[in-house]
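Have a look at the structure below, then the notes.
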Amino acid sequence: MQFPQVRPRRLRKNAAIRNLVASTDLSSSLIYPLFVREKLSEPRQIKSMPGIYQNSYVSAVEEVKEALGLGISAFMIFGIPDENNKDELGRHAYSSSAPTQVALSKLRDNFGDEVVLFSDLCIDDFTTHGHCGAVDDKKRVDNDKTLEIYRQIALSQAKAGADFICPSGMMDGQVGAIREVLDENGFAETGILSYGAKYSSSLYGPFREAVNTSLLKSESRDTYQQDYRRSYKEALLEIRLDIAEGADMVMVKPASFYLDIISHVKKEIVQPVAAYQVSGEYAMIKFGASLGCLNQERLIAESLYSIRRAGADIIITYFAKEFLRNI
Ligand code: PBG
């Protein structure tokens, strides 16, 4: 049999050769999300996300210590308030005693510039209705009223030590509003990672348990998050607006069902592109593997590399620790 001269298998001969040509090293590009809940004494495992915990302030510091040992230095903080601290407007989200702010300052005190701290900016966990913005009596989200709340949260998180503020509520104009308030108050060096292209996805289900959302199961975020039936061009519109308003990095979310979007965004945009492998992607792999028909370790790596291949410079993933532990 006559073989062609080109034999792609030569580059797959052994692990050393495969590593040499892989050209996609993930280890320094992962962000690990951390849930920090106020008034919690012991970490509490999230049922729909085996291996992921709601942390107390003390256990959050422990988690970060462990992650640093594995080579992770970037963290995305999600604060979970006590039920008594929720109201219609999510006011607690901009208090200096809000769980996100307390966690930010504790982590900064403990680890200094060894850690890069990203803080989720939204009010969905802080409102009694569970929406990402202020609502009227028909539960319609008021975009511009919400921006005023976001500005206060941004300032409060910047004061607490966030390196990058990450608005995830999909309000129009949110990046511009936040950039303005940061600049006006001497936080020109605090950056913004915008959740630029964020789809209204069923893959956020486990997260909503993780943060004790008050959003009713019958409700959705369809009036503010993107419709996945539309073309990638809408994602580009959203992301270009965010960049024009001052975003330093942009995000596509979720990741796995949206690899085409990541790839289009990466081609068009100069700024670093992050992709968020969300709670449902984590849960599908975990629960699928627990049935015994999938190799969990290899599947985790495959999922992360597919996101990288699509063009993500940075990946936010609940698998960060597990992936690096198994490398
Ligand atoms: C909302 C927010 C969500 C996630 C991050 N920020 C959920 C939502 O939009 O309902 C989801 C993250 C995940 O599923 O892992 N502020």
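Ordering of the structure tokens sets the chain letters (A, B, ...), residue numbers begin anew at 1 in every chain, and ligands are numbered from 1 in the order given.
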- Which chains and residue numbers are within 9 Å of ligand 1, counting only C-alpha atoms and all ligand atoms, if I want them as JSON, numbers by chain? {"A": [33, 78, 120, 121, 122, 123, 124, 125, 130, 131, 132, 167, 168, 169, 170, 195, 198, 199, 200, 201, 202, 203, 204, 205, 206, 207, 208, 210, 211, 213, 215, 220, 221, 225, 253, 254, 276, 277, 278, 279, 280, 281, 282, 316, 317, 318]}
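The list of residues with at least one atom within 6 Å of Ile165 of chain A, based on only C-alpha atoms and without residues fewer than 3 positions apart in the same chain, reads A:Phe118, A:Ser119, A:Ile192.
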- Message: If we count only C-alpha atoms and set the cut-off at 7 Å, which residues sit around segment 261-274 of chain A, ignoring sequence neighbours fewer than 3 positions away in its own chain? Please answer as a VMD selection string.
- Response: chain A and resid 232 236 248 to 252 258 310 to 315
Taking N, CA, C and O atoms for each residue, export the selection above as an mmCIF file, in the first residue's frame.
```
data_model
loop_
_atom_site.group_PDB
_atom_site.id
_atom_site.type_symbol
_atom_site.label_atom_id
_atom_site.label_comp_id
_atom_site.auth_asym_id
_atom_site.auth_seq_id
_atom_site.Cartn_x
_atom_site.Cartn_y
_atom_site.Cartn_z
ATOM 1 N N TYR A 232 -24.649 34.982 15.313
ATOM 2 C CA TYR A 232 -23.473 35.457 16.056
ATOM 3 C C TYR A 232 -23.331 36.971 15.976
ATOM 4 O O TYR A 232 -22.642 37.589 16.783
ATOM 5 N N LEU A 236 -21.690 39.935 18.521
ATOM 6 C CA LEU A 236 -20.671 40.931 18.157
ATOM 7 C C LEU A 236 -21.156 42.347 18.456
ATOM 8 O O LEU A 236 -20.389 43.182 18.925
ATOM 9 N N ASP A 248 -12.319 46.064 29.308
ATOM 10 C CA ASP A 248 -10.929 45.651 29.071
ATOM 11 C C ASP A 248 -10.848 44.242 28.520
ATOM 12 O O ASP A 248 -9.907 43.878 27.820
ATOM 13 N N MET A 249 -11.804 43.423 28.923
ATOM 14 C CA MET A 249 -11.896 42.055 28.422
ATOM 15 C C MET A 249 -13.387 41.762 28.261
ATOM 16 O O MET A 249 -14.219 42.385 28.910
ATOM 17 N N VAL A 250 -13.678 40.780 27.425
ATOM 18 C CA VAL A 250 -15.087 40.435 27.216
ATOM 19 C C VAL A 250 -15.294 38.942 27.429
ATOM 20 O O VAL A 250 -14.341 38.164 27.412
ATOM 21 N N MET A 251 -16.537 38.572 27.620
ATOM 22 C CA MET A 251 -16.822 37.171 27.915
ATOM 23 C C MET A 251 -17.958 36.638 27.041
ATOM 24 O O MET A 251 -18.869 37.387 26.682
ATOM 25 N N VAL A 252 -17.845 35.367 26.720
ATOM 26 C CA VAL A 252 -18.959 34.665 26.084
ATOM 27 C C VAL A 252 -19.429 33.624 27.095
ATOM 28 O O VAL A 252 -18.627 32.915 27.699
ATOM 29 N N TYR A 258 -21.658 27.209 22.700
ATOM 30 C CA TYR A 258 -21.469 28.528 22.076
ATOM 31 C C TYR A 258 -20.057 28.689 21.511
ATOM 32 O O TYR A 258 -19.550 29.798 21.411
ATOM 33 N N ALA A 310 -11.547 26.995 20.352
ATOM 34 C CA ALA A 310 -12.507 27.896 19.718
ATOM 35 C C ALA A 310 -11.991 29.331 19.752
ATOM 36 O O ALA A 310 -12.423 30.168 18.968
ATOM 37 N N GLY A 311 -11.071 29.619 20.706
ATOM 38 C CA GLY A 311 -10.482 30.959 20.729
ATOM 39 C C GLY A 311 -10.468 31.653 22.076
ATOM 40 O O GLY A 311 -10.045 32.802 22.168
ATOM 41 N N ALA A 312 -10.919 30.975 23.128
ATOM 42 C CA ALA A 312 -10.939 31.645 24.433
ATOM 43 C C ALA A 312 -9.517 31.827 24.960
ATOM 44 O O ALA A 312 -8.735 30.875 24.989
ATOM 45 N N ASP A 313 -9.188 33.053 25.365
ATOM 46 C CA ASP A 313 -7.885 33.300 25.991
ATOM 47 C C ASP A 313 -7.928 32.900 27.455
ATOM 48 O O ASP A 313 -6.930 32.482 28.029
ATOM 49 N N ILE A 314 -9.091 33.058 28.045
ATOM 50 C CA ILE A 314 -9.269 32.803 29.478
ATOM 51 C C ILE A 314 -10.508 31.923 29.635
ATOM 52 O O ILE A 314 -11.500 32.123 28.923
ATOM 53 N N ILE A 315 -10.456 30.952 30.554
ATOM 54 C CA ILE A 315 -11.648 30.126 30.785
ATOM 55 C C ILE A 315 -12.026 30.189 32.267
ATOM 56 O O ILE A 315 -11.187 29.952 33.143
#
```
- Select, from A:Lys145, A:Arg151, A:Arg229, A:Arg108, the residue with the minimum atom-to-atom distance to Asp163 of chain A, counting only C-alpha atoms. A:Arg108
- Within 8 Å of Ser95 of chain A, counting only C-alpha atoms, which residues show up once you throw out same-chain ones fewer than 3 positions away? Write them as a list in words, please. Arg91, His92, Ala98, Gln101, Ile153 and Ser156 of chain A
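Taking only C-alpha atoms into account, Tyr57 of chain A lies nearest to A:Ile77 out of the set A:Val141, A:Leu70, A:Ile285, A:Ile77.
Nearest residue to Ala160 of chain A, choosing from A:Val102, A:Ala289, A:Ala283, A:Leu11 and counting only C-alpha atoms: A:Val102.
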